[in-house]
Every structure is written in structure tokens, then in C-alpha cells.
Amino acid sequence: MDEKTKLFLRNLYKKYYFKHAQKIVFPPHINEREIGYMDFEGKMVRHLSFKNEGEFMADILKQGPASVFCSNARYENPTLPMDEKVWKGAELIFDIDADQIETNCRNSHDFWFCMSCSGHGRSPFPQTCPLCGKGIIKITGRCNTCIGNALKHANQVISILKDDFGVNRSEIKLYFSGNRGFHIHIFDNRFFSLNQDARLEIALYITGESLPPPKALAINIITKSNSEISGWLKRISNHIKNEKGRTNTVRLITNYIHNSLPKIDHQVTSDVHRIFRLAGTLHNRTGFLKVEVTGDDFDPNYDPVVIDEEAVKIRVKYYPSFNIKGEHFGPFKEEEIKIPAYAAVQILTSGLGEVC
């Protein structure tokens with residue numbers, strides 16, 4: 001990415017934050033959080049801290065970062081090295097990414113490009129360019145199908161948290177990440193002081209990976225009444241009753257576990273020192289907002305699109321067709337185009353375009 005493009009993106013993000021500062025969601029006890037920034041070169045700065053929301057907001061406006069991160073953990077000394085911060089606890093967070101969920105839409109929006117010979121193709125990605133053997137750029141897109149599937153998994157996690165852990169829905173915040181997935185933030189104080197092992201145990205329970213083998217589950221379901229079982233055992237039992245007569249119990253359980261259990265990133269849930277994109281801030285690769293999802297009508301190609309519609313002229317090396325806010329763009333190859341800034345960000349951040 002050339003300097004002109006980096007400056008354009010930085011000013012574009014700064015302009016958004018200046019006009020929409022109220023959209024940023026600061027967690028409580030901001031002075032105890034570790035803050036991090038990423039610039040448009042991909043360089044990360046961590047171990048920052050601010051006394052209050054106003055000071056933090058002023059620095060965002062000054063820096064114009066590509067990404068703004070904030071820890072779910074609280075520390076006595078957030079600016080010190082990790083082993084000196086003195087960890088006080090952390091909210092529980094789950095990460096659901098479309099990459100972890102099998103869908104048939106990837107070939108329609110994921111692509112690769114070779115900067116050496118201009119070779120390109122769709123998913124699945126080769127290790128190197130099949131034409132010249134050089135390295136390739138890999139771009140993962142999104143559509144209503146893959147994001148919709150990720151949202152279903154996120155809602156499954158929320159249901160389990162409510163039903164099996166007794167978490168009040170008001171203590172759960174569901175956010176679109178700004179790219180290809182969702183973050184679930186839990187503000188239930190029962191989880192705040194849990195260590196890494198305990199958080200991993202919760203993650204393994206939610207994904208069903210701590211369940212016994214299907215044969216053992218079948219024995220439990222057959223030998224116990226519905227009033228004697230709960231949690232996953234009860235959910236599996238109810239599924240079997242609805243599918244009764246189709247095949248044997250063990251096979252039904254096996255298929256259910258393979259196809260119906262939610263997918264989450266265990267490392268994210270168990271990591272007590274991770275920093276997350278701050279809610280209400282822009283994603284470095286898409287320009288989309290990390291926005292709270294509150295209903296069933298969320299549209300990933302419309303709702304988080306908040307960058308200006310002002311047209312910008314860019315030079316594109318290569319980019320296949322894509323859709324944003326109901327508009328169709330591309331395909332583009334070795335040409336100068338004029339498109340809305342919110343669409344230009346997709347191309348510029350990929351490294352496949354520059355501002356003219």
C-alpha cells in the first residue's frame with residue numbers, strides 16, 4: 001500500500017470517528033483496560049491506557065487507526081508488560097467466525113491473486129501461484145449465506161448460555177465483528193474471575209466436545225427419563241424423538257453432533273489477556289463497523305456499512321465482482337474507476353488498489 005492510499009484511509013477513518021464518536025461503545029472501568037491500535041501497514045501498538053473515555057476518544061481522533069482494540073481483562077497496571085500488569089479478571093467472550101463453518105458459498109466470494117504474474121482464481125486457495133510458483137494474496141469475502149450461518153451458531157451459543165448457565169439475556173451483547181463473524185460479550189460477574197482452564201471447559205461444553213461418545217449418550221438417553229436429564233443430553237434426546245424411526249439412535253446422535261453443535265474459537269474464549277476490536281469502531285480490512293446485533297433482520301452487507309458514499313477515484317490491479325448496500329461493483333482489472341468510498345475500502349485494504 002503506497003503512502004497516498006494509507007493517508008486517504010487514515011483520513012477517511014478519522015472523518016468517520018469525528019462525525020460518529022457517539023457510536024463507540026466503551027466498556028466499564030476503561031482506565032483498567034489495555035488498549036491497542038493497528039495502523040494501515042499492519043503494525044500493532046499495545047499496552048496503552050487512558051484515564052477516561054474522553055481521553056481515549058481524543059486519541060482515536062488524533063491517530064486515525066485502522067483498528068482499535070480493548071482488553072476484556074481489567075488490570076491494576078494496564079501499561080506494564082503482561083507479567084507485571086496484575087490481572088483482576090475479565091469478561092467472558094466468544095468468537096464465531098464463518099471460516100470455521102462449512103458453507104458452499106466460499107467459491108463465490110473468496111479469491112486469490114498473484115502480484116508477480118497477475119494470476120488469479122477462486123477458493124480453494126493454492127499454496128503458491130500455479131502459474132509462476134510465487135506467493136499469492138488471499139482474500140476472503142462474505143455473503144448473507146456464510147454470515148447467516150455464523151449468526152445461527154452465535155444464537156445457539158446464546159441459547160446455551162441462557163438455558164444451561166442461567167445467564168440473563170440482558171448480560172449478553174452480540175456484535176458483528178466487522179468482517180466475517182460475531183463476538184459475544186458476557187457481562188455476568190460469575191465468570192469474571194475464571195482462569196484460562198475454566199474458560200476452556202466452558203467452551204468445550206458449549207461446542208459439545210466434552211460430551212461422551214455417541215454410544216454412551218444413547219445409553220443415558222434410553223435408560224433415563226426426560227425429567228432426569230438436562231443440557232446437551234436433553235437437547236439430543238428431544239432431537240431423537242423428533243427423528244424417531246429414521247435410523248438407529250447412535251447414528252442419529254452422531255449426525256446431530258456433527259451437524260448441529262455450535263462452532264467457536266476455543267483460544268479466544270480461554271485467553272484471559274486477549275484484546276478485542278472495540279465495539280462501534282471500524283474494521284481494518286472492510287471499513288465495516290463492529291455493530292451490535294439486536295434482531296433477526298441483520299444484513300451484513302448493509303447494516304455495518306457506515307463509511308461515506310462520496311466517490312473516490314482508484315486504480316485497481318484486479319478485483320472480482322462484489323455487492324455492498326444492494327449495489328454491484330466489478331469485476332475490475334488493470335483500470336481506473338470511481339466508486340463510493342465504502343466500496344473502495346474493500347479494494348484498497350486488500351493491497352489490490354491505490355488511490356489515484
# chains A, B, ... in the order shown; residues from 1 in each chain; ligands from 1
>>> closest_atom_pairs(of="segment 66-94 of chain A", to="segment 176-189 of chain A", cutoff="10 Å", atoms="only C-alpha atoms", output="tab-separated table")
residue	atom	partner	partner_atom	distance
A:Asn72	CA	A:His185	CA	8.7
A:Gly89	CA	A:Asn189	CA	9.6
A:Ala90	CA	A:Asn189	CA	9.1
A:Glu91	CA	A:Phe187	CA	5.9
A:Leu92	CA	A:Ile186	CA	5.2
A:Ile93	CA	A:His185	CA	4.7
A:Phe94	CA	A:Ile184	CA	5.0
>>> select_by_dssp(residues="segment 77-188 of chain A", states="strand (DSSP E or B)", output="ChimeraX atom specification")
/A:87-90,92-97,111-113,120-122,137-139,172-176,181-186
>>> write_last_selection(atoms="N, CA and C atoms", output="short mmCIF file (atom, residue, chain, number, x, y, z; two decimals), in the first residue's frame")
data_model
loop_
_atom_site.label_atom_id
_atom_site.label_comp_id
_atom_site.auth_asym_id
_atom_site.auth_seq_id
_atom_site.Cartn_x
_atom_site.Cartn_y
_atom_site.Cartn_z
N TRP A 87 -3.43 -8.96 36.85
CA TRP A 87 -4.75 -9.29 36.28
C TRP A 87 -5.81 -9.28 37.38
N LYS A 88 -6.93 -8.61 37.13
CA LYS A 88 -8.00 -8.52 38.12
C LYS A 88 -9.21 -9.39 37.74
N GLY A 89 -9.29 -9.77 36.46
CA GLY A 89 -10.43 -10.54 35.96
C GLY A 89 -10.75 -10.10 34.55
N ALA A 90 -11.70 -10.80 33.93
CA ALA A 90 -12.04 -10.48 32.54
C ALA A 90 -13.45 -10.96 32.21
N LEU A 92 -16.21 -12.71 29.89
CA LEU A 92 -16.15 -13.89 29.04
C LEU A 92 -16.59 -13.49 27.63
N ILE A 93 -15.79 -13.89 26.62
CA ILE A 93 -16.10 -13.53 25.23
C ILE A 93 -15.99 -14.77 24.33
N PHE A 94 -16.92 -14.86 23.39
CA PHE A 94 -16.91 -15.95 22.41
C PHE A 94 -16.75 -15.35 21.01
N ASP A 95 -15.99 -16.03 20.17
CA ASP A 95 -15.75 -15.61 18.79
C ASP A 95 -16.27 -16.67 17.85
N ILE A 96 -17.20 -16.29 16.99
CA ILE A 96 -17.75 -17.21 15.98
C ILE A 96 -17.37 -16.67 14.62
N ASP A 97 -16.59 -17.44 13.85
CA ASP A 97 -16.09 -16.97 12.56
C ASP A 97 -16.63 -17.87 11.45
N PHE A 111 -11.14 -15.34 -3.11
CA PHE A 111 -10.30 -15.42 -4.30
C PHE A 111 -8.83 -15.18 -3.94
N TRP A 112 -7.94 -15.51 -4.87
CA TRP A 112 -6.51 -15.27 -4.70
C TRP A 112 -5.96 -14.52 -5.91
N PHE A 113 -4.85 -13.83 -5.68
CA PHE A 113 -4.22 -13.07 -6.75
C PHE A 113 -2.71 -13.11 -6.59
N HIS A 120 -4.85 -15.41 -11.08
CA HIS A 120 -5.90 -15.30 -10.07
C HIS A 120 -6.86 -16.47 -10.17
N GLY A 121 -7.61 -16.68 -9.14
CA GLY A 121 -8.57 -17.77 -9.13
C GLY A 121 -9.43 -17.71 -7.88
N ARG A 122 -10.34 -18.66 -7.80
CA ARG A 122 -11.28 -18.71 -6.68
C ARG A 122 -10.84 -19.74 -5.64
N ILE A 137 -1.82 -13.45 -2.79
CA ILE A 137 -2.67 -12.74 -1.83
C ILE A 137 -3.98 -13.50 -1.73
N LYS A 138 -4.42 -13.78 -0.51
CA LYS A 138 -5.68 -14.50 -0.30
C LYS A 138 -6.71 -13.54 0.27
N ILE A 139 -7.86 -13.45 -0.38
CA ILE A 139 -8.92 -12.55 0.04
C ILE A 139 -10.17 -13.36 0.36
N ILE A 172 -25.85 -10.24 28.01
CA ILE A 172 -25.21 -10.77 26.80
C ILE A 172 -25.30 -9.74 25.69
N LYS A 173 -24.17 -9.40 25.08
CA LYS A 173 -24.14 -8.49 23.95
C LYS A 173 -23.60 -9.24 22.74
N LEU A 174 -24.34 -9.22 21.64
CA LEU A 174 -23.94 -9.87 20.41
C LEU A 174 -23.53 -8.81 19.39
N TYR A 175 -22.29 -8.93 18.87
CA TYR A 175 -21.77 -7.96 17.92
C TYR A 175 -21.33 -8.64 16.63
N PHE A 176 -21.64 -8.03 15.49
CA PHE A 176 -21.00 -8.40 14.23
C PHE A 176 -19.58 -7.86 14.29
N GLY A 181 -17.68 -12.56 11.07
CA GLY A 181 -18.17 -13.31 12.22
C GLY A 181 -18.81 -12.45 13.29
N PHE A 182 -18.89 -13.04 14.49
CA PHE A 182 -19.58 -12.39 15.59
C PHE A 182 -18.81 -12.57 16.89
N HIS A 183 -18.92 -11.57 17.76
CA HIS A 183 -18.37 -11.64 19.11
C HIS A 183 -19.53 -11.60 20.10
N ILE A 184 -19.48 -12.48 21.08
CA ILE A 184 -20.48 -12.49 22.15
C ILE A 184 -19.79 -12.08 23.44
N HIS A 185 -20.17 -10.94 24.00
CA HIS A 185 -19.59 -10.42 25.23
C HIS A 185 -20.54 -10.73 26.39
N ILE A 186 -20.01 -11.36 27.43
CA ILE A 186 -20.82 -11.73 28.59
C ILE A 186 -20.43 -10.85 29.78
#
>>> select_by_dssp(residues="segment 135-292 of chain A", states="alpha helix (DSSP H)", output="PyMOL selection string")
chain A and resi 144-165+196-206+214-223+231-242+249-260+266-270
>>> residues_around(residues="Ser237 of chain A", least_positions_apart="2", cutoff="10 Å", atoms="only C-alpha atoms", output="number ranges by chain")
A: 217-218, 220-222, 225-226, 229-230, 232-235, 239-243, 249, 253
>>> write_last_selection(atoms="N, CA and C atoms", output="PDB file, in the first residue's frame")
ATOM      1  N   LEU A 217     -23.901 -41.789  25.131  1.00  0.00           N
ATOM      2  CA  LEU A 217     -25.028 -40.857  25.165  1.00  0.00           C
ATOM      3  C   LEU A 217     -26.347 -41.596  24.923  1.00  0.00           C
ATOM      4  N   ALA A 218     -26.322 -42.527  23.978  1.00  0.00           N
ATOM      5  CA  ALA A 218     -27.526 -43.301  23.661  1.00  0.00           C
ATOM      6  C   ALA A 218     -27.995 -44.099  24.868  1.00  0.00           C
ATOM      7  N   ASN A 220     -27.492 -43.415  28.046  1.00  0.00           N
ATOM      8  CA  ASN A 220     -28.051 -42.476  29.019  1.00  0.00           C
ATOM      9  C   ASN A 220     -29.459 -42.052  28.631  1.00  0.00           C
ATOM     10  N   ILE A 221     -29.650 -41.765  27.354  1.00  0.00           N
ATOM     11  CA  ILE A 221     -30.956 -41.304  26.883  1.00  0.00           C
ATOM     12  C   ILE A 221     -31.999 -42.405  26.995  1.00  0.00           C
ATOM     13  N   ILE A 222     -31.605 -43.632  26.676  1.00  0.00           N
ATOM     14  CA  ILE A 222     -32.539 -44.760  26.707  1.00  0.00           C
ATOM     15  C   ILE A 222     -32.917 -45.138  28.137  1.00  0.00           C
ATOM     16  N   SER A 225     -35.264 -41.030  32.238  1.00  0.00           N
ATOM     17  CA  SER A 225     -36.462 -40.302  31.829  1.00  0.00           C
ATOM     18  C   SER A 225     -36.088 -38.868  31.478  1.00  0.00           C
ATOM     19  N   ASN A 226     -37.001 -38.181  30.793  1.00  0.00           N
ATOM     20  CA  ASN A 226     -36.748 -36.821  30.366  1.00  0.00           C
ATOM     21  C   ASN A 226     -36.540 -35.868  31.547  1.00  0.00           C
ATOM     22  N   ILE A 229     -32.739 -35.773  32.882  1.00  0.00           N
ATOM     23  CA  ILE A 229     -31.640 -35.268  32.054  1.00  0.00           C
ATOM     24  C   ILE A 229     -31.808 -33.770  31.792  1.00  0.00           C
ATOM     25  N   SER A 230     -30.704 -33.136  31.437  1.00  0.00           N
ATOM     26  CA  SER A 230     -30.736 -31.698  31.161  1.00  0.00           C
ATOM     27  C   SER A 230     -29.617 -31.352  30.186  1.00  0.00           C
ATOM     28  N   TRP A 232     -27.173 -30.664  27.217  1.00  0.00           N
ATOM     29  CA  TRP A 232     -26.998 -31.295  25.914  1.00  0.00           C
ATOM     30  C   TRP A 232     -27.747 -32.619  25.816  1.00  0.00           C
ATOM     31  N   LEU A 233     -27.768 -33.383  26.897  1.00  0.00           N
ATOM     32  CA  LEU A 233     -28.441 -34.683  26.875  1.00  0.00           C
ATOM     33  C   LEU A 233     -29.923 -34.507  26.555  1.00  0.00           C
ATOM     34  N   LYS A 234     -30.516 -33.482  27.135  1.00  0.00           N
ATOM     35  CA  LYS A 234     -31.938 -33.239  26.878  1.00  0.00           C
ATOM     36  C   LYS A 234     -32.161 -32.751  25.450  1.00  0.00           C
ATOM     37  N   ARG A 235     -31.275 -31.878  24.953  1.00  0.00           N
ATOM     38  CA  ARG A 235     -31.407 -31.394  23.578  1.00  0.00           C
ATOM     39  C   ARG A 235     -31.280 -32.543  22.584  1.00  0.00           C
ATOM     40  N   HIS A 239     -34.162 -34.175  20.038  1.00  0.00           N
ATOM     41  CA  HIS A 239     -33.893 -34.328  18.602  1.00  0.00           C
ATOM     42  C   HIS A 239     -34.207 -35.757  18.160  1.00  0.00           C
ATOM     43  N   ILE A 240     -33.801 -36.723  18.950  1.00  0.00           N
ATOM     44  CA  ILE A 240     -34.026 -38.128  18.604  1.00  0.00           C
ATOM     45  C   ILE A 240     -35.515 -38.441  18.530  1.00  0.00           C
ATOM     46  N   LYS A 241     -36.286 -37.892  19.461  1.00  0.00           N
ATOM     47  CA  LYS A 241     -37.734 -38.125  19.458  1.00  0.00           C
ATOM     48  C   LYS A 241     -38.374 -37.590  18.181  1.00  0.00           C
ATOM     49  N   ASN A 242     -37.886 -36.435  17.723  1.00  0.00           N
ATOM     50  CA  ASN A 242     -38.432 -35.845  16.501  1.00  0.00           C
ATOM     51  C   ASN A 242     -38.050 -36.637  15.254  1.00  0.00           C
ATOM     52  N   GLU A 243     -36.913 -37.352  15.329  1.00  0.00           N
ATOM     53  CA  GLU A 243     -36.414 -38.112  14.180  1.00  0.00           C
ATOM     54  C   GLU A 243     -36.693 -39.609  14.316  1.00  0.00           C
ATOM     55  N   THR A 249     -30.361 -45.058  16.994  1.00  0.00           N
ATOM     56  CA  THR A 249     -30.120 -43.954  17.923  1.00  0.00           C
ATOM     57  C   THR A 249     -28.692 -43.442  17.859  1.00  0.00           C
ATOM     58  N   ILE A 253     -27.473 -39.629  16.887  1.00  0.00           N
ATOM     59  CA  ILE A 253     -26.660 -38.804  17.783  1.00  0.00           C
ATOM     60  C   ILE A 253     -25.386 -38.356  17.080  1.00  0.00           C
TER      61      ILE A 253
END
>>> residues_around(residues="Phe18 of chain A", least_positions_apart="4", cutoff="12 Å", atoms="only C-alpha atoms", output="VMD selection string")
chain A and resid 11 to 14 22 to 24 57 to 64 281
>>> write_last_selection(atoms="C-alpha atoms", output="PDB file, in the first residue's frame")
ATOM      1  CA  ASN A  11      -8.250  10.437   6.956  1.00  0.00           C
ATOM      2  CA  LEU A  12     -11.384   8.531   5.947  1.00  0.00           C
ATOM      3  CA  TYR A  13     -11.457   6.679   9.276  1.00  0.00           C
ATOM      4  CA  LYS A  14     -10.689   9.867  11.244  1.00  0.00           C
ATOM      5  CA  GLN A  22     -21.192   8.525  19.896  1.00  0.00           C
ATOM      6  CA  LYS A  23     -21.309   5.109  18.202  1.00  0.00           C
ATOM      7  CA  ILE A  24     -18.210   3.883  20.057  1.00  0.00           C
ATOM      8  CA  MET A  57     -11.738   9.275  22.163  1.00  0.00           C
ATOM      9  CA  ALA A  58      -9.399  12.233  21.672  1.00  0.00           C
ATOM     10  CA  ASP A  59      -6.537   9.852  20.894  1.00  0.00           C
ATOM     11  CA  ILE A  60      -8.614   7.868  18.392  1.00  0.00           C
ATOM     12  CA  LEU A  61      -9.351  11.126  16.570  1.00  0.00           C
ATOM     13  CA  LYS A  62      -5.672  12.046  16.645  1.00  0.00           C
ATOM     14  CA  GLN A  63      -4.310   8.680  15.485  1.00  0.00           C
ATOM     15  CA  GLY A  64      -6.950   7.613  12.950  1.00  0.00           C
ATOM     16  CA  THR A 281     -15.142   1.026  15.656  1.00  0.00           C
TER      17      THR A 281
END
>>> closest_residue(among="A:Phe329, A:Asn144, A:Val291, A:Leu161", to="Cys105 of chain A", atoms="only C-alpha atoms")
A:Asn144
>>> residues_around(residues="Lys51 of chain A", least_positions_apart="2", cutoff="8 Å", atoms="only C-alpha atoms", output="list of chain:residue names")
A:Ile30, A:Asn31, A:Ser49, A:Glu53, A:Glu55, A:Phe56
>>> decode(residues="segment 39-88 of chain A", atoms="N, CA and C atoms", output="compact mmCIF listing (two decimals), in the first residue's frame")
# COMPACT_ATOMS: atom_id res chain seq x y z
N ASP A 39 -2.15 0.15 12.64
CA ASP A 39 -2.17 1.15 11.57
C ASP A 39 -2.41 0.45 10.23
N PHE A 40 -2.41 1.22 9.15
CA PHE A 40 -2.75 0.66 7.84
C PHE A 40 -1.57 -0.06 7.19
N GLU A 41 -0.47 -0.18 7.90
CA GLU A 41 0.63 -1.03 7.46
C GLU A 41 0.59 -2.37 8.18
N GLY A 42 -0.36 -2.53 9.09
CA GLY A 42 -0.49 -3.76 9.86
C GLY A 42 0.35 -3.78 11.12
N LYS A 43 0.93 -2.64 11.50
CA LYS A 43 1.74 -2.58 12.71
C LYS A 43 0.84 -2.38 13.93
N MET A 44 1.12 -3.16 14.98
CA MET A 44 0.31 -3.12 16.19
C MET A 44 1.06 -2.43 17.32
N VAL A 45 0.34 -1.58 18.05
CA VAL A 45 0.86 -0.96 19.27
C VAL A 45 -0.07 -1.38 20.41
N ARG A 46 0.50 -1.97 21.46
CA ARG A 46 -0.31 -2.43 22.59
C ARG A 46 0.15 -1.77 23.89
N HIS A 47 -0.48 -2.18 24.98
CA HIS A 47 -0.12 -1.74 26.34
C HIS A 47 -0.33 -0.24 26.53
N LEU A 48 -1.35 0.29 25.86
CA LEU A 48 -1.74 1.68 26.08
C LEU A 48 -2.84 1.73 27.13
N SER A 49 -3.04 2.90 27.71
CA SER A 49 -4.09 3.07 28.71
C SER A 49 -4.56 4.52 28.72
N PHE A 50 -5.84 4.72 29.04
CA PHE A 50 -6.40 6.07 29.12
C PHE A 50 -7.21 6.22 30.40
N LYS A 51 -7.18 7.42 30.95
CA LYS A 51 -7.83 7.67 32.24
C LYS A 51 -9.35 7.60 32.14
N ASN A 52 -9.87 8.02 30.99
CA ASN A 52 -11.32 8.08 30.84
C ASN A 52 -11.71 8.00 29.36
N GLU A 53 -13.00 7.96 29.09
CA GLU A 53 -13.49 7.82 27.73
C GLU A 53 -13.11 9.02 26.86
N GLY A 54 -13.17 10.22 27.44
CA GLY A 54 -12.85 11.42 26.68
C GLY A 54 -11.41 11.43 26.19
N GLU A 55 -10.50 11.02 27.06
CA GLU A 55 -9.09 10.97 26.68
C GLU A 55 -8.85 9.92 25.61
N PHE A 56 -9.52 8.79 25.73
CA PHE A 56 -9.42 7.71 24.75
C PHE A 56 -9.96 8.18 23.41
N MET A 57 -11.13 8.82 23.41
CA MET A 57 -11.74 9.28 22.16
C MET A 57 -10.86 10.31 21.47
N ALA A 58 -10.27 11.21 22.25
CA ALA A 58 -9.40 12.23 21.67
C ALA A 58 -8.21 11.60 20.97
N ASP A 59 -7.69 10.50 21.52
CA ASP A 59 -6.54 9.85 20.89
C ASP A 59 -6.94 9.10 19.63
N ILE A 60 -8.13 8.53 19.61
CA ILE A 60 -8.61 7.87 18.39
C ILE A 60 -8.71 8.89 17.26
N LEU A 61 -9.23 10.07 17.58
CA LEU A 61 -9.35 11.13 16.57
C LEU A 61 -7.98 11.61 16.10
N LYS A 62 -7.02 11.62 17.00
CA LYS A 62 -5.67 12.05 16.65
C LYS A 62 -4.95 11.01 15.78
N GLN A 63 -5.07 9.74 16.16
CA GLN A 63 -4.31 8.68 15.49
C GLN A 63 -4.95 8.22 14.17
N GLY A 64 -6.29 8.15 14.13
CA GLY A 64 -6.95 7.61 12.95
C GLY A 64 -6.50 6.20 12.64
N PRO A 65 -6.56 5.29 13.62
CA PRO A 65 -6.03 3.93 13.41
C PRO A 65 -6.91 3.09 12.49
N ALA A 66 -6.30 2.06 11.91
CA ALA A 66 -7.05 1.11 11.10
C ALA A 66 -7.92 0.22 11.98
N SER A 67 -7.45 -0.06 13.19
CA SER A 67 -8.21 -0.87 14.15
C SER A 67 -7.98 -0.33 15.56
N VAL A 68 -9.02 -0.42 16.38
CA VAL A 68 -8.94 -0.04 17.79
C VAL A 68 -9.30 -1.27 18.62
N PHE A 69 -8.42 -1.65 19.54
CA PHE A 69 -8.64 -2.84 20.36
C PHE A 69 -8.68 -2.48 21.84
N CYS A 70 -9.42 -3.29 22.59
CA CYS A 70 -9.53 -3.09 24.03
C CYS A 70 -9.60 -4.45 24.70
N SER A 71 -8.95 -4.60 25.83
CA SER A 71 -8.95 -5.89 26.52
C SER A 71 -10.28 -6.15 27.21
N ASN A 72 -10.66 -7.43 27.26
CA ASN A 72 -11.80 -7.79 28.10
C ASN A 72 -11.35 -7.92 29.55
N ALA A 73 -10.04 -7.96 29.76
CA ALA A 73 -9.48 -8.04 31.11
C ALA A 73 -9.32 -6.66 31.72
N ARG A 74 -9.32 -6.63 33.03
CA ARG A 74 -9.00 -5.42 33.78
C ARG A 74 -7.74 -5.67 34.58
N TYR A 75 -6.87 -4.64 34.64
CA TYR A 75 -5.57 -4.76 35.29
C TYR A 75 -5.35 -3.61 36.28
N GLU A 76 -4.47 -3.85 37.21
CA GLU A 76 -4.04 -2.76 38.10
C GLU A 76 -3.13 -1.79 37.36
N ASN A 77 -2.29 -2.35 36.45
CA ASN A 77 -1.33 -1.52 35.70
C ASN A 77 -1.35 -1.92 34.22
N PRO A 78 -2.35 -1.47 33.47
CA PRO A 78 -2.51 -1.95 32.09
C PRO A 78 -1.40 -1.59 31.12
N THR A 79 -0.54 -0.61 31.45
CA THR A 79 0.52 -0.21 30.51
C THR A 79 1.81 -1.00 30.70
N LEU A 80 1.91 -1.79 31.76
CA LEU A 80 3.13 -2.54 32.03
C LEU A 80 3.18 -3.82 31.19
N PRO A 81 4.36 -4.48 31.11
CA PRO A 81 4.44 -5.79 30.44
C PRO A 81 3.43 -6.76 31.05
N MET A 82 3.06 -7.79 30.26
CA MET A 82 1.96 -8.67 30.66
C MET A 82 2.13 -9.28 32.04
N ASP A 83 3.36 -9.71 32.39
CA ASP A 83 3.57 -10.37 33.67
C ASP A 83 3.63 -9.39 34.85
N GLU A 84 3.50 -8.09 34.55
CA GLU A 84 3.53 -7.09 35.61
C GLU A 84 2.22 -6.30 35.72
N LYS A 85 1.27 -6.60 34.86
CA LYS A 85 0.02 -5.82 34.84
C LYS A 85 -0.84 -6.04 36.09
N VAL A 86 -0.80 -7.23 36.66
CA VAL A 86 -1.65 -7.66 37.79
C VAL A 86 -3.10 -7.78 37.32
N TRP A 87 -3.43 -8.96 36.85
CA TRP A 87 -4.75 -9.29 36.28
C TRP A 87 -5.81 -9.28 37.38
N LYS A 88 -6.93 -8.61 37.13
CA LYS A 88 -8.00 -8.52 38.12
C LYS A 88 -9.21 -9.39 37.74
